[in-house]
Structure formats: structure tokens, C-alpha cells
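Undergrad: The file below is protein.cif, mmCIF, C-alpha atoms:
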```cif
data_work
#
loop_
_atom_site.label_atom_id
_atom_site.label_comp_id
_atom_site.auth_asym_id
_atom_site.auth_seq_id
_atom_site.Cartn_x
_atom_site.Cartn_y
_atom_site.Cartn_z
CA ASP C 1 -187.04 -27.76 77.67
CA LYS C 2 -188.19 -24.85 79.84
CA GLY C 3 -191.76 -23.62 80.15
CA ALA C 4 -193.04 -20.15 79.33
CA GLU C 5 -192.86 -19.05 82.97
CA PHE C 6 -189.09 -19.58 82.97
CA TYR C 7 -188.51 -17.20 80.08
CA GLN C 8 -191.03 -14.66 81.38
CA SER C 9 -189.01 -14.34 84.58
CA PHE C 10 -186.25 -12.43 82.73
CA HIS C 11 -186.11 -8.80 81.63
CA ILE C 12 -183.73 -9.29 78.68
CA ILE C 13 -183.11 -12.41 76.59
CA VAL C 14 -179.64 -12.90 75.10
CA LEU C 15 -179.33 -15.46 72.30
CA GLY C 16 -176.09 -17.24 71.48
CA LEU C 17 -177.58 -20.19 69.64
CA ASP C 18 -176.04 -22.49 67.06
CA SER C 19 -178.86 -22.93 64.54
CA LEU C 20 -181.72 -21.20 62.78
CA GLU C 21 -184.10 -23.77 64.26
CA ALA C 22 -183.18 -22.87 67.84
CA ARG C 23 -183.52 -19.16 67.08
CA ARG C 24 -186.94 -19.70 65.52
CA TRP C 25 -188.15 -21.60 68.58
CA ILE C 26 -187.09 -19.05 71.20
CA ASN C 27 -188.23 -16.16 68.99
CA ASP C 28 -191.67 -17.75 68.78
CA MET C 29 -191.76 -18.29 72.53
CA ILE C 30 -190.84 -14.69 73.40
CA CYS C 31 -193.19 -13.21 70.80
CA SER C 32 -196.07 -15.23 72.27
CA PHE C 33 -195.84 -13.19 75.49
CA VAL C 34 -196.76 -9.91 73.79
CA THR C 35 -200.19 -8.41 74.33
CA PHE C 36 -201.39 -5.43 72.32
CA GLU C 37 -203.24 -2.23 73.15
CA GLU C 38 -206.29 -1.06 71.20
CA ASP C 39 -204.07 1.08 68.95
CA GLY C 40 -201.98 -1.98 68.04
CA SER C 41 -198.93 -1.05 70.10
CA PRO C 42 -197.41 -3.66 72.42
CA THR C 43 -198.42 -3.48 76.07
CA PRO C 44 -195.36 -2.21 77.98
CA GLY C 45 -193.56 -4.99 79.81
CA THR C 46 -194.93 -7.81 77.67
CA ASN C 47 -192.45 -7.52 74.81
CA LEU C 48 -189.17 -8.72 76.26
CA PRO C 49 -186.19 -7.45 74.26
CA MET C 50 -183.92 -10.06 72.67
CA VAL C 51 -180.27 -9.52 71.75
CA ASP C 52 -179.29 -12.14 69.17
CA GLY C 53 -175.64 -12.68 68.34
CA GLY C 54 -174.33 -15.10 65.76
CA THR C 55 -171.10 -15.87 63.94
CA GLU C 56 -170.21 -17.88 60.86
CA GLY C 57 -166.49 -18.05 60.34
CA LEU C 58 -165.29 -14.50 59.74
CA ALA C 59 -168.81 -13.04 59.56
CA GLY C 60 -171.20 -12.16 62.34
CA HIS C 61 -174.29 -10.23 63.33
CA VAL C 62 -176.02 -8.69 66.33
CA ASN C 63 -179.76 -8.11 66.19
CA VAL C 64 -181.81 -6.24 68.81
CA ILE C 65 -185.38 -7.54 68.61
CA TYR C 66 -188.30 -5.82 70.31
CA PRO C 67 -191.35 -8.01 69.56
CA GLY C 68 -194.18 -5.98 68.10
CA VAL C 69 -191.85 -3.05 67.31
CA THR C 70 -188.90 -4.36 65.30
CA PRO C 71 -188.98 -7.32 62.91
CA CYS C 72 -188.81 -10.60 64.80
CA PHE C 73 -186.42 -13.34 63.72
CA GLU C 74 -189.13 -15.00 61.63
CA CYS C 75 -189.64 -11.75 59.69
CA ILE C 76 -186.04 -11.76 58.45
CA LEU C 77 -185.63 -15.54 58.03
CA PRO C 78 -185.66 -15.27 54.19
CA LEU C 79 -182.49 -13.14 54.39
CA PHE C 80 -180.43 -16.07 55.67
CA PRO C 81 -178.78 -18.08 52.88
CA PRO C 82 -180.05 -21.61 52.24
CA GLN C 83 -177.98 -24.48 53.57
CA VAL C 84 -175.57 -26.20 51.17
CA ASN C 85 -176.91 -29.44 49.72
CA PHE C 86 -175.15 -32.12 47.67
CA PRO C 87 -176.48 -33.78 44.50
CA MET C 88 -178.10 -37.11 45.33
CA CYS C 89 -176.20 -38.87 42.52
CA THR C 90 -172.90 -37.86 44.13
CA LEU C 91 -173.97 -39.12 47.55
CA ALA C 92 -175.37 -42.40 46.22
CA ASP C 93 -172.74 -43.33 43.64
CA ILE C 94 -169.45 -41.44 43.71
CA PRO C 95 -168.61 -39.86 47.07
CA ARG C 96 -165.40 -37.85 46.87
CA THR C 97 -165.11 -36.14 50.25
CA PRO C 98 -165.71 -37.03 53.92
CA ALA C 99 -168.77 -34.74 53.89
CA HIS C 100 -170.32 -36.79 51.07
CA CYS C 101 -170.04 -39.93 53.25
CA VAL C 102 -171.73 -38.26 56.22
CA GLU C 103 -174.52 -36.80 54.09
CA TRP C 104 -175.07 -40.21 52.46
CA ALA C 105 -175.52 -41.80 55.89
CA LYS C 106 -177.75 -38.96 57.04
CA GLN C 107 -179.98 -38.49 53.99
CA LEU C 108 -180.09 -41.96 52.43
CA GLU C 109 -178.91 -44.77 54.68
CA TRP C 110 -180.85 -43.66 57.76
CA ASP C 111 -184.17 -43.80 55.89
CA ARG C 112 -183.28 -47.18 54.39
CA VAL C 113 -182.17 -48.86 57.61
CA ARG C 114 -184.12 -46.97 60.29
CA PRO C 115 -181.76 -48.33 63.00
CA PHE C 116 -183.90 -47.18 65.93
CA GLY C 117 -187.35 -47.98 64.57
CA GLN C 118 -189.48 -46.98 61.59
CA GLU C 119 -190.99 -43.94 63.29
CA MET C 120 -187.74 -42.61 64.77
CA ASP C 121 -186.31 -39.60 62.92
CA LEU C 122 -182.63 -38.75 63.11
CA GLU C 123 -181.86 -36.47 66.07
CA CYS C 124 -178.43 -34.90 65.77
CA ASP C 125 -178.36 -34.12 69.51
CA ASP C 126 -178.86 -37.79 70.44
CA PRO C 127 -175.46 -39.42 71.22
CA LYS C 128 -176.66 -42.87 70.08
CA HIS C 129 -177.88 -41.48 66.76
CA MET C 130 -174.62 -39.61 66.20
CA GLN C 131 -172.56 -42.71 67.02
CA TRP C 132 -174.52 -44.72 64.44
CA LEU C 133 -174.11 -41.92 61.91
CA TYR C 134 -170.35 -41.78 62.53
CA GLU C 135 -169.84 -45.54 62.25
CA THR C 136 -171.95 -45.76 59.08
CA SER C 137 -170.15 -42.79 57.50
CA LEU C 138 -166.78 -44.28 58.38
CA LYS C 139 -167.63 -47.60 56.70
CA ARG C 140 -168.68 -45.70 53.58
CA ALA C 141 -165.45 -43.67 53.63
CA VAL C 142 -163.24 -46.75 54.08
CA ALA C 143 -165.02 -48.53 51.21
CA HIS C 144 -164.23 -45.61 48.88
CA GLY C 145 -160.72 -44.87 50.14
CA ILE C 146 -161.69 -41.54 51.75
CA GLU C 147 -159.95 -40.31 54.91
CA GLY C 148 -161.02 -37.73 57.46
CA VAL C 149 -164.28 -39.08 58.88
CA THR C 150 -164.15 -38.68 62.67
CA LEU C 151 -166.91 -38.38 65.25
CA LYS C 152 -166.26 -34.66 65.62
CA PHE C 153 -166.29 -34.15 61.85
CA THR C 154 -169.53 -36.16 61.55
CA GLN C 155 -171.18 -33.98 64.19
CA GLY C 156 -170.04 -30.84 62.40
CA VAL C 157 -171.45 -31.92 59.03
CA ALA C 158 -174.70 -33.34 60.43
CA LYS C 159 -175.43 -30.25 62.52
CA ARG C 160 -174.07 -27.79 59.93
CA ILE C 161 -171.49 -26.52 62.40
CA ILE C 162 -169.01 -24.00 61.00
CA PRO C 163 -165.65 -23.66 62.83
CA ALA C 164 -165.62 -20.67 65.17
CA ILE C 165 -163.12 -17.83 64.82
CA ALA C 166 -162.13 -16.38 68.20
CA ALA C 167 -161.79 -12.81 66.91
CA THR C 168 -165.27 -12.85 65.34
CA ASN C 169 -166.77 -14.32 68.50
CA ALA C 170 -165.13 -11.61 70.61
CA ILE C 171 -166.45 -8.78 68.42
CA VAL C 172 -169.99 -10.14 68.37
CA ALA C 173 -169.99 -10.98 72.10
CA ALA C 174 -168.74 -7.49 72.99
CA THR C 175 -171.43 -5.90 70.84
CA CYS C 176 -174.12 -8.06 72.47
CA ALA C 177 -172.86 -7.10 75.94
CA ASN C 178 -172.84 -3.44 74.95
CA GLU C 179 -176.46 -3.59 73.78
CA VAL C 180 -177.58 -5.44 76.92
CA LEU C 181 -175.93 -2.75 79.06
CA LYS C 182 -177.83 -0.05 77.14
CA LEU C 183 -181.13 -1.90 77.50
CA ALA C 184 -180.64 -2.59 81.20
CA THR C 185 -179.44 0.86 82.29
CA ALA C 186 -180.58 3.29 79.55
CA VAL C 187 -177.06 4.72 79.74
CA SER C 188 -177.22 5.17 75.97
CA ARG C 189 -179.60 4.50 73.13
CA HIS C 190 -179.65 0.85 72.07
CA MET C 191 -179.63 -0.20 68.43
CA SER C 192 -182.99 0.66 66.86
CA ALA C 193 -184.42 2.11 63.67
CA GLU C 194 -184.36 5.57 65.27
CA SER C 195 -180.68 5.29 66.22
CA GLY C 196 -179.56 4.07 62.79
CA GLY C 197 -180.55 0.43 62.75
CA HIS C 198 -181.41 -2.54 64.96
CA TYR C 199 -179.20 -5.01 63.04
CA MET C 200 -175.38 -4.88 63.01
CA MET C 201 -173.50 -6.97 60.47
CA TYR C 202 -169.77 -7.71 60.58
CA GLN C 203 -167.56 -9.02 57.76
CA GLY C 204 -163.92 -9.83 58.40
CA GLY C 205 -163.11 -12.07 55.46
CA GLU C 206 -161.06 -9.76 53.24
CA SER C 207 -161.03 -6.64 55.39
CA VAL C 208 -162.88 -5.36 58.44
CA TYR C 209 -166.32 -4.04 57.54
CA THR C 210 -169.35 -3.36 59.68
CA ASN C 211 -172.69 -1.70 59.07
CA THR C 212 -175.90 -1.12 61.01
CA LEU C 213 -179.26 -1.22 59.27
CA SER C 214 -182.97 -1.81 59.80
CA HIS C 215 -185.40 -4.26 58.27
CA GLU C 216 -189.14 -3.94 57.79
CA ARG C 217 -191.57 -5.91 59.92
CA ASN C 218 -193.56 -8.48 58.00
CA LYS C 219 -197.18 -7.48 58.60
CA ASP C 220 -198.23 -11.03 57.70
CA CYS C 221 -195.68 -12.73 59.95
CA PRO C 222 -197.26 -15.81 61.57
CA VAL C 223 -195.14 -15.24 64.69
CA CYS C 224 -195.02 -11.57 65.71
CA SER C 225 -198.15 -10.50 63.78
CA ARG C 226 -199.97 -13.77 64.53
CA ARG C 227 -201.48 -14.00 61.08
CA ALA C 228 -202.82 -17.20 59.59
CA VAL C 229 -200.73 -18.33 56.62
CA PRO C 230 -202.96 -18.78 53.56
CA LEU C 231 -202.41 -21.85 51.38
CA THR C 232 -204.24 -22.26 48.07
CA VAL C 233 -204.72 -25.95 47.32
CA PRO C 234 -206.93 -28.21 45.18
CA PRO C 235 -209.73 -30.00 47.11
CA SER C 236 -208.14 -33.32 46.14
CA ILE C 237 -204.84 -32.64 47.95
CA THR C 238 -204.09 -35.31 50.53
CA VAL C 239 -202.99 -34.66 54.10
CA ALA C 240 -199.53 -36.03 53.23
CA GLN C 241 -199.22 -33.65 50.27
CA LEU C 242 -200.41 -30.74 52.40
CA ILE C 243 -197.76 -31.52 54.99
CA GLU C 244 -195.04 -31.51 52.32
CA MET C 245 -196.34 -28.16 51.10
CA MET C 246 -196.10 -26.78 54.64
CA LYS C 247 -192.53 -28.01 54.94
CA GLU C 248 -191.49 -26.35 51.68
CA ASP C 249 -193.45 -23.11 52.03
CA GLU C 250 -191.04 -20.22 52.71
CA ARG C 251 -193.48 -18.66 55.20
CA LEU C 252 -193.70 -21.81 57.32
CA ARG C 253 -190.63 -24.06 56.80
CA LEU C 254 -192.09 -26.67 59.13
CA LYS C 255 -190.27 -29.83 60.14
CA ASN C 256 -192.82 -32.43 61.27
CA PRO C 257 -196.25 -30.80 61.69
CA ALA C 258 -199.30 -32.11 63.51
CA ILE C 259 -202.64 -30.88 62.13
CA SER C 260 -205.98 -30.25 63.82
CA VAL C 261 -209.22 -28.97 62.26
CA PRO C 262 -212.23 -27.20 63.76
CA ALA C 263 -214.81 -29.76 64.88
CA ASP C 264 -217.88 -30.21 67.05
CA THR C 265 -215.94 -31.60 70.03
CA ALA C 266 -215.41 -30.52 73.62
CA SER C 267 -212.15 -28.77 72.67
CA GLY C 268 -213.53 -27.42 69.38
CA MET C 269 -210.77 -29.20 67.47
CA LYS C 270 -210.11 -32.64 65.98
CA THR C 271 -206.61 -34.02 65.36
CA ILE C 272 -206.32 -35.50 61.88
CA TYR C 273 -202.59 -36.22 62.03
CA ASN C 274 -200.01 -36.08 64.83
CA PRO C 275 -196.54 -37.63 64.36
CA LEU C 276 -195.30 -36.17 67.65
CA ILE C 277 -197.12 -38.55 70.01
CA GLN C 278 -196.75 -42.23 69.19
CA SER C 279 -200.19 -43.32 70.42
CA ILE C 280 -201.93 -40.62 68.37
CA LEU C 281 -199.73 -41.32 65.34
CA GLU C 282 -200.97 -44.91 65.27
CA LYS C 283 -204.56 -43.68 65.19
CA THR C 284 -204.08 -40.92 62.61
CA LYS C 285 -201.41 -42.07 60.13
CA ALA C 286 -204.10 -43.65 57.94
CA ASN C 287 -205.42 -40.12 57.34
CA LEU C 288 -202.28 -39.20 55.37
CA ASP C 289 -203.78 -40.62 52.17
CA GLU C 290 -207.16 -38.94 52.68
CA PRO C 291 -208.00 -35.62 50.96
CA ILE C 292 -208.05 -32.61 53.27
CA SER C 293 -211.53 -31.85 51.92
CA LYS C 294 -212.78 -34.76 54.03
CA TRP C 295 -212.52 -32.42 57.03
CA VAL C 296 -212.45 -28.99 55.36
CA SER C 297 -215.57 -28.39 53.28
CA GLN C 298 -214.99 -24.78 52.20
CA SER C 299 -212.34 -22.11 51.77
CA GLY C 300 -211.34 -19.96 54.70
CA VAL C 301 -211.12 -22.72 57.30
CA GLU C 302 -208.09 -22.35 59.56
CA LEU C 303 -206.07 -25.41 60.55
CA THR C 304 -204.12 -25.45 63.81
CA VAL C 305 -200.56 -26.66 63.36
CA ASP C 306 -198.05 -27.85 65.97
CA ASP C 307 -194.44 -28.34 64.98
CA PRO C 308 -191.20 -29.04 66.91
CA ILE C 309 -189.57 -26.02 65.29
CA MET C 310 -192.15 -23.68 66.87
CA ALA C 311 -192.89 -23.06 70.55
CA THR C 312 -196.58 -22.29 70.00
CA GLN C 313 -199.36 -23.33 67.64
CA LYS C 314 -199.77 -21.66 64.26
CA GLN C 315 -202.80 -21.15 62.03
CA VAL C 316 -202.91 -22.12 58.35
CA ARG C 317 -205.90 -20.98 56.28
CA ILE C 318 -207.02 -23.31 53.52
CA ASP C 319 -208.29 -21.70 50.30
CA PHE C 320 -209.46 -24.10 47.61
CA GLU C 321 -208.61 -23.48 43.98
#
```
Just give me the structure as C-alpha cells.

TA:
Amino acid sequence: DKGAEFYQSFHIIVLGLDSLEARRWINDMICSFVTFEEDGSPTPGTNLPMVDGGTEGLAGHVNVIYPGVTPCFECILPLFPPQVNFPMCTLADIPRTPAHCVEWAKQLEWDRVRPFGQEMDLECDDPKHMQWLYETSLKRAVAHGIEGVTLKFTQGVAKRIIPAIAATNAIVAATCANEVLKLATAVSRHMSAESGGHYMMYQGGESVYTNTLSHERNKDCPVCSRRAVPLTVPPSITVAQLIEMMKEDERLRLKNPAISVPADTASGMKTIYNPLIQSILEKTKANLDEPISKWVSQSGVELTVDDPIMATQKQVRIDFE
């Protein structure tokens, strides 16, 4: 909810966030501040260091990110395991656990009922949405003789929250504090490729194990390298199909994108679909069934994409088959 000026007022950014989505957003914001010299190196003072700490049960990590030098969070996103999903047949027909009831309400019943309006997507941080999700999940659980659905449990399943382990949190928090001290005072060398690795991983499941390593920057990263993501599509692909492709593409993983194309207008762009602003959605939703070739006549044209999961706009290059 804060503007760019707020984040630029700090010297070091420490992340203790609870989701990949939140990390992607702040990573994109901080990387957008970087300016580059003629030799391609970041201009000193524009690449604010980030110290990212995260835990998942008995596992944890600390990652020191220097935008333009180390891989940003988007560069290493493919390393994170995919979220657990349940078979649709289980959710729809034979729920066996409390989690099945919550996922049924979240994935199936919400879209069927749309309790807060046809255009309103489920927001897990909205108390009214979570109350509806809890009550609907509880009815499903009672109907199938399943116990254990509470509001707290519903929030945990819907937001993919994993119970915290105090010992893991303490180890990761101490490591983050240690790296911030190094960055702020130069009392010692912070984690980096030169010092043995910018990424510390901790595993405490069966024994205590830790290791420090480095990853490679993605030279085609749409965030820290600011590269347009190429998509090869048939000219007949519709805007709706293109949006689904953007959501599923591993390089983008968008949530609810708005799309603009180059045009002969005062701004140089024309919005062909925007679900993020209700008044514009009403004017552009008819374009979903139109082929993208209606606005893009040749390969190489770059679309501008806005998405809630990103802090800044991204470019997608269309190449026709």
C-alpha cells in the first residue's frame, strides 16, 4: 500500500513475508529503483540490498539480494516447490479431510455462487470473504461428517499457511539480523558469491543441516534484467486465451493481468483489457473473445502488462507462429 518513495527512503530492506506473491511484489518494487551505468553495472546507491528470511516448518532460508548483482527473487522463483493441489473429483464428490472442504469452497463454490458479485475475486485477506469461506466450508464438513473446520484452520488452508516452529524462526531471524549488521556497518563481509554464497538454507527435520550457496542471475529476467518475455502464439489466439497463457507461463505466473498495446494515442498505448478497474472492465471485457491479431499485426510487438502480483509494468513480446 506504500508508494515507491516510501521504500526508497530506506538503506536496507528486510523481508519477513508470508507468501511468494508478497515477495515477488516487493522484489519487483526494489528492482525498479536500479539504474545502470554504460558498462551495465548498477549505479551505486540505486540498488538497495534486501535480506529475505523465510521459514516453512523445520526448514528455512536467508537470501541476500543485491539487485543487478545477485539473482533477484524472480530469478530463483522456479526453485520453490509448487503448491499442493487436490484432485477436483475429490473436492467435488468425496471430501475426506477438513482441507478438502475448504478447498471445495475456495475453488468450486466461490465461482458458482459469487457471493459478493460476479466480478469480485476471492481475497484471502478480506475478513468478510474469509468468514463466508469458513461458514461454507463448515456446512460442507458437517454434511459429510468431517470435524476440524474452524476459522483459523480455514485461513491457514486458504492462505497456504504452514505452522511456525519457534526454533526455526529464531535461527532464520538471527541470521537475517547478522547479515543486516554486516551490510550496515561493514564489520564483516556479508553473504555473497565471493564469500561463499548469497543464499543460506537450513534444514532441521531429521538433523541440523545448513549450507550456503549461490545461484546464477537470469539474464532474461523480466524484473531485474527488464527483458520482455517472448510468447509464440498463433494469430488466431484470443485475448482470453493469451491471458491464460500468461498466467500459466513459468516466466510470468501472472494473476489477473491488464493488457495494453502500442497505439496512435496521446499516451502511445491503448488498453484492450483491464479487469483491475471496474469502469474500464465494462468497456473492455468484450475484447476477451477477439483475436490478439486485431491489435497486433506483426511479430515483435511488445504488450504492456499490469498485474496485482507485480509492482511495475512488464513487457510481453508477441511472436506469431

Undergrad: Just want the 8 Å neighbourhood of segment 68-80 of chain C, counted on only C-alpha atoms, with same-chain residues fewer than 2 positions away dropped. Output as a list in words.

TA: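 With the cut-off at 8 Å, the set is Arg23, Arg24, Asn27, Cys31, Val34, Ser41, Pro42, Asn47, Ile65, Tyr66, Pro82, Ser192, His198, His215, Glu216, Arg217, Asn218, Cys221, Val223, Cys224, Ser225 and Glu250 of chain C.
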
Undergrad: If we count only C-alpha atoms and set the cut-off at 12 Å, which residues sit around Phe33 of chain C, ignoring sequence neighbours fewer than 6 positions away in its own chain? Please answer as a list of chain:residue names.

TA: C:Ala4, C:Glu5, C:Phe6, C:Tyr7, C:Gln8, C:Ser9, C:Ile26, C:Asn27, C:Pro42, C:Thr43, C:Pro44, C:Gly45, C:Thr46, C:Asn47, C:Leu48, C:Pro49, C:Tyr66, C:Pro67, C:Gly68, C:Val223, C:Cys224, C:Arg226, C:Ala311, C:Thr312

Undergrad: Leaving out Thr136 of chain C and any residue of its chain fewer than 6 positions from it, which residues lie within 9 Å of it when counting all atoms listed in the file, given as an mmCIF file with C-alpha atoms, in the frame of the given file?

TA:
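Below you can see result_7.cif, which holds the result:
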```
data_model
loop_
_atom_site.group_PDB
_atom_site.id
_atom_site.type_symbol
_atom_site.label_atom_id
_atom_site.label_comp_id
_atom_site.auth_asym_id
_atom_site.auth_seq_id
_atom_site.Cartn_x
_atom_site.Cartn_y
_atom_site.Cartn_z
ATOM 1 C CA CYS C 101 -170.040 -39.930 53.250
ATOM 2 C CA VAL C 102 -171.730 -38.260 56.220
ATOM 3 C CA ALA C 105 -175.520 -41.800 55.890
ATOM 4 C CA GLU C 109 -178.910 -44.770 54.680
#
```

Undergrad: Would you write out, as an MDAnalysis selection string, every residue that the PyMOL selection byres ((chain C and resi 91-99) around 8) captures in this file?

TA: chainID C and resid 86:90 100:104 108 141 144 146:149 154 157

Undergrad: Quick check, in Å to one decimal: how far apart do atom CA of Cys124 of chain C and atom CA of Gly156 of chain C lie?

TA: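 According to the coordinates, atom CA of Cys124 of chain C and atom CA of Gly156 of chain C are separated by 9.9 Å.
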
Undergrad: So which one's closest to Val64 of chain C, C:Glu179, C:Asp307, C:Glu290, C:Asp125? Using only C-alpha atoms, please.

TA: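 Looking at the shortest contact to Val64 of chain C, the residue is C:Glu179.
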
Undergrad: Taking the file as shown, what set of residues would the PyMOL selection byres ((chain C and resi 172) around 7) give back, as a list of chain:residue names?

TA: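 Output of the PyMOL selection byres ((chain C and resi 172) around 7): C:Gly53, C:Gly60, C:His61, C:Val62, C:Thr168, C:Asn169, C:Ala170, C:Ile171, C:Ala173, C:Ala174, C:Thr175, C:Cys176.
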
Undergrad: Could you state the separation of atom CA of Pro257 of chain C and atom CA of Val305 of chain C in Å, given to one decimal place?

TA: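 Between atom CA of Pro257 of chain C and atom CA of Val305 of chain C the gap is 6.2 Å.
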
Undergrad: Just the number, please: distance in Å from atom CA of Ser293 of chain C to atom CA of Ser279 of chain C, one decimal.

TA: 24.5 Å

Undergrad: Nearest to Asn63 of chain C among C:His129, C:Lys247, C:His190, C:Lys106, with distances taken over all atoms listed in the file: which residue is it?

TA: C:His190

Undergrad: I'd like the contact shell of segment 114-122 of chain C - 10 Å cut-off, only C-alpha atoms, skipping same-chain residues fewer than 3 positions apart - returned as a PyMOL selection string.

TA: chain C and resi 106-107+109-111+125-126+128-130+132-133+158+256+275-276+278+281

Undergrad: For this structure, which residues satisfy the selection - the PyMOL selection byres ((chain C and resi 297) around 12) - when it is evaluated on the file as given? I want them as number ranges by chain.

TA: C: 234-236, 261-263, 291-296, 298-302, 318-320

Undergrad: Hey, which of C:Ile162, C:Met245, C:Ile237, C:Ala184 ends up closest to Ala59 of chain C? Count all atoms listed in the file.

TA: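 Going through C:Ile162, C:Met245, C:Ile237, C:Ala184 one by one, the smallest distance to Ala59 of chain C is for C:Ile162.
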
Undergrad: Go through C:Ile13, C:Gly40, C:Leu58, C:Asp1 and flag the residue nearest Tyr209 of chain C, using all atoms listed in the file for the distances.

TA: C:Leu58

Undergrad: With distances taken over only C-alpha atoms, which of C:Gly205, C:Val142, C:Pro163, C:Glu21 is nearest to Lys255 of chain C?

TA: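 Counting only C-alpha atoms, the residue closest to Lys255 of chain C is C:Glu21.
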
Undergrad: Given the choices C:Met191, C:Glu123, C:Leu20, C:Thr150, which gets closest to Met50 of chain C if the distance is worked out from all atoms listed in the file?

TA: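 Among C:Met191, C:Glu123, C:Leu20, C:Thr150, it is C:Met191 that comes nearest to Met50 of chain C.
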